[in-house]
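Data from target-v8.tsv: TSV, C-alpha atoms
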```tsv
chain	number	residue	atom	x	y	z
X	1	MET	CA	0.00	0.00	0.00
X	2	ILE	CA	2.87	2.37	0.73
X	3	LEU	CA	4.28	1.70	-2.74
X	4	GLY	CA	0.96	2.84	-4.24
X	5	ILE	CA	1.08	6.08	-2.27
X	6	ALA	CA	4.66	6.66	-3.43
X	7	ALA	CA	3.58	6.05	-7.03
X	8	LEU	CA	0.73	8.53	-6.59
X	9	PHE	CA	3.07	11.25	-5.35
X	10	PHE	CA	5.56	10.44	-8.11
X	11	ALA	CA	2.83	10.74	-10.75
X	12	LEU	CA	1.67	14.03	-9.24
X	13	GLY	CA	5.24	15.30	-9.31
X	14	ILE	CA	5.68	14.36	-12.95
X	15	GLY	CA	2.37	15.95	-13.90
X	16	ILE	CA	3.00	19.18	-12.04
X	17	LEU	CA	6.75	19.68	-12.45
X	18	ARG	CA	7.68	17.93	-15.67
X	19	ALA	CA	4.51	18.34	-17.75
X	20	GLU	CA	3.84	21.77	-16.23
X	21	LEU	CA	0.17	21.06	-15.62
X	22	SER	CA	-1.83	22.77	-12.92
X	23	THR	CA	-2.46	20.92	-9.68
X	24	GLY	CA	-6.22	21.03	-10.23
X	25	LEU	CA	-5.90	19.50	-13.68
X	26	VAL	CA	-3.70	16.68	-12.43
X	27	LEU	CA	-6.00	15.93	-9.50
X	28	SER	CA	-9.11	16.06	-11.70
X	29	ALA	CA	-7.65	13.24	-13.81
X	30	PHE	CA	-7.16	11.07	-10.73
X	31	PRO	CA	-9.65	8.15	-10.67
X	32	SER	CA	-10.98	8.64	-7.15
X	33	SER	CA	-13.74	6.01	-7.49
X	34	LEU	CA	-11.16	3.38	-8.46
X	35	PHE	CA	-8.99	4.42	-5.52
X	36	ILE	CA	-11.90	4.05	-3.10
X	37	THR	CA	-12.77	0.63	-4.56
X	38	ILE	CA	-9.21	-0.67	-4.29
X	39	PHE	CA	-8.83	0.73	-0.77
X	40	ALA	CA	-12.11	-0.85	0.38
X	41	VAL	CA	-11.24	-4.23	-1.15
X	42	THR	CA	-7.81	-4.13	0.47
X	43	LEU	CA	-9.45	-3.44	3.82
X	44	LEU	CA	-11.91	-6.27	3.23
X	45	ILE	CA	-9.08	-8.68	2.39
X	46	LYS	CA	-7.20	-7.76	5.55
X	47	ILE	CA	-10.32	-8.34	7.64
X	48	ALA	CA	-10.95	-11.69	5.93
X	49	GLU	CA	-7.35	-12.75	6.54
X	50	GLY	CA	-7.57	-11.75	10.16
X	51	ASN	CA	-10.71	-13.71	10.99
X	52	GLY	CA	-9.77	-16.86	9.06
X	53	THR	CA	-12.29	-16.61	6.24
X	54	PHE	CA	-9.80	-17.59	3.54
X	55	GLU	CA	-8.77	-20.71	5.44
X	56	LYS	CA	-12.40	-21.72	5.91
X	57	LEU	CA	-13.17	-21.05	2.26
X	58	THR	CA	-10.17	-23.12	1.16
X	59	LYS	CA	-11.22	-26.04	3.36
X	60	LEU	CA	-14.78	-25.76	2.06
X	61	GLY	CA	-13.55	-25.75	-1.53
X	62	ILE	CA	-11.39	-28.82	-0.99
X	63	ARG	CA	-14.26	-30.59	0.76
X	64	LEU	CA	-16.72	-29.70	-2.02
X	65	CYS	CA	-14.27	-30.92	-4.62
X	66	GLN	CA	-14.01	-34.18	-2.62
X	67	ASP	CA	-10.21	-34.03	-2.46
X	68	ARG	CA	-9.93	-33.88	-6.27
X	69	LEU	CA	-7.55	-30.95	-6.43
X	70	ARG	CA	-7.89	-30.72	-10.20
X	71	ALA	CA	-11.46	-29.50	-9.70
X	72	LEU	CA	-10.39	-26.67	-7.37
X	73	PRO	CA	-9.64	-24.14	-10.19
X	74	PHE	CA	-13.17	-24.66	-11.47
X	75	PHE	CA	-14.46	-23.94	-7.97
X	76	VAL	CA	-12.48	-20.68	-7.91
X	77	PHE	CA	-13.83	-19.82	-11.35
X	78	PHE	CA	-17.39	-20.52	-10.13
X	79	LEU	CA	-16.85	-18.28	-7.08
X	80	SER	CA	-15.49	-15.47	-9.23
X	81	ALA	CA	-18.48	-15.75	-11.57
X	82	ILE	CA	-20.86	-15.51	-8.61
X	83	PHE	CA	-19.02	-12.53	-7.09
X	84	SER	CA	-18.82	-10.68	-10.42
X	85	ALA	CA	-22.45	-11.34	-11.28
X	86	SER	CA	-23.56	-10.11	-7.87
X	87	GLY	CA	-22.19	-6.66	-8.68
X	88	LEU	CA	-18.77	-6.78	-7.05
X	89	GLY	CA	-16.98	-6.14	-10.35
X	90	ASN	CA	-13.99	-7.74	-11.97
X	91	ILE	CA	-11.26	-5.78	-10.17
X	92	ALA	CA	-12.68	-6.34	-6.71
X	93	THR	CA	-13.39	-10.01	-7.46
X	94	THR	CA	-9.84	-10.61	-8.63
X	95	ALA	CA	-8.41	-8.83	-5.60
X	96	LEU	CA	-10.70	-10.76	-3.27
X	97	LEU	CA	-10.01	-14.21	-4.71
X	98	ALA	CA	-6.27	-13.84	-5.34
X	99	PRO	CA	-5.25	-14.78	-1.76
X	100	PHE	CA	-7.71	-17.68	-1.76
X	101	ALA	CA	-6.42	-18.97	-5.10
X	102	GLY	CA	-2.85	-18.75	-3.87
X	103	ALA	CA	-3.52	-20.64	-0.63
```
Please lay out the structure from this file as structure tokens.
Amino acid sequence: MILGIAALFFALGIGILRAELSTGLVLSAFPSSLFITIFAVTLLIKIAEGNGTFEKLTKLGIRLCQDRLRALPFFVFFLSAIFSASGLGNIATTALLAPFAGA
């Protein structure tokens, strides 16, 4: 997260100093809705890691696949389809399922 903040300040510096744009113009081009979405999903992931949701979801996925680990990617795909169709969006779904898929 700190790397993202550093990149934000670096981009602002390039826009203001190097491209000689006004501060208002640079900040108006900033995608604030995307920033809020990524920040909220990051917070949600940290909460889910803290209370053990990913571990429970992994155990549930393995149990539903009946110990056939080759079926587990299809389970992850099914979960991502459900999350995306429910309105979560593709970026938030990918960010939410990445730790689960890596476990």
Task: Point-to-point distance in Å for CA of Ile38 (chain X) and CA of Leu97 (chain X) - done: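 Between CA of Leu97 (chain X) and CA of Ile38 (chain X) the gap is 13.6 Å.
Distance check against Phe100 (chain X) using all atoms listed in the file: of X:Phe77, X:Phe10, X:Phe83, X:Phe54, the minimum falls on X:Phe54.
Candidate residues X:Cys65, X:Val76, X:Leu25, X:Val41 were compared for distance to Gly89 (chain X), and the nearest is X:Val41, using only C-alpha atoms.
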Task: Residue with smallest distance to Ala101 (chain X) - pool X:Pro73, X:Gly24, X:Gly15, X:Gly52, counting all atoms listed in the file - done: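 Among the listed residues, the smallest separation from Ala101 (chain X) belongs to X:Pro73.
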- [ ] Extract, using all atoms listed in the file, all DNA, RNA and protein residues at most 8 Å from region 58-62 of chain X, discarding same-chain residues fewer than 3 positions from it, and format them as a list in words.
- [x]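 These residues fall inside the cut-off: Phe54, Glu55, Cys65, Gln66, Asp67, Arg68, Leu69, Leu72, Phe75, Phe100 and Ala103 of chain X.
In terms of minimum interatomic distance to Ala40 (chain X), X:Leu88 ranks closest within X:Thr23, X:Ala11, X:Leu88, X:Ser28, counting all atoms listed in the file.
Reported to one decimal place, the separation of CA of Ala81 (chain X) from CA of Glu49 (chain X) is 21.5 Å.
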Please identify all polymer residues within 8 Å of Val26 (chain X), counting only C-alpha atoms, omitting same-chain residues fewer than 4 positions from it, and present them as a JSON list (two decimals) with C-alpha atoms, keeping the file's coordinate frame.
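File written: result_22.json
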```json
[["chain", "number", "residue", "atom", "x", "y", "z"],
["X", 12, "LEU", "CA", 1.67, 14.03, -9.24],
["X", 15, "GLY", "CA", 2.37, 15.95, -13.90],
["X", 16, "ILE", "CA", 3.00, 19.18, -12.04],
["X", 21, "LEU", "CA", 0.17, 21.06, -15.62],
["X", 22, "SER", "CA", -1.83, 22.77, -12.92],
["X", 30, "PHE", "CA", -7.16, 11.07, -10.73]]
```
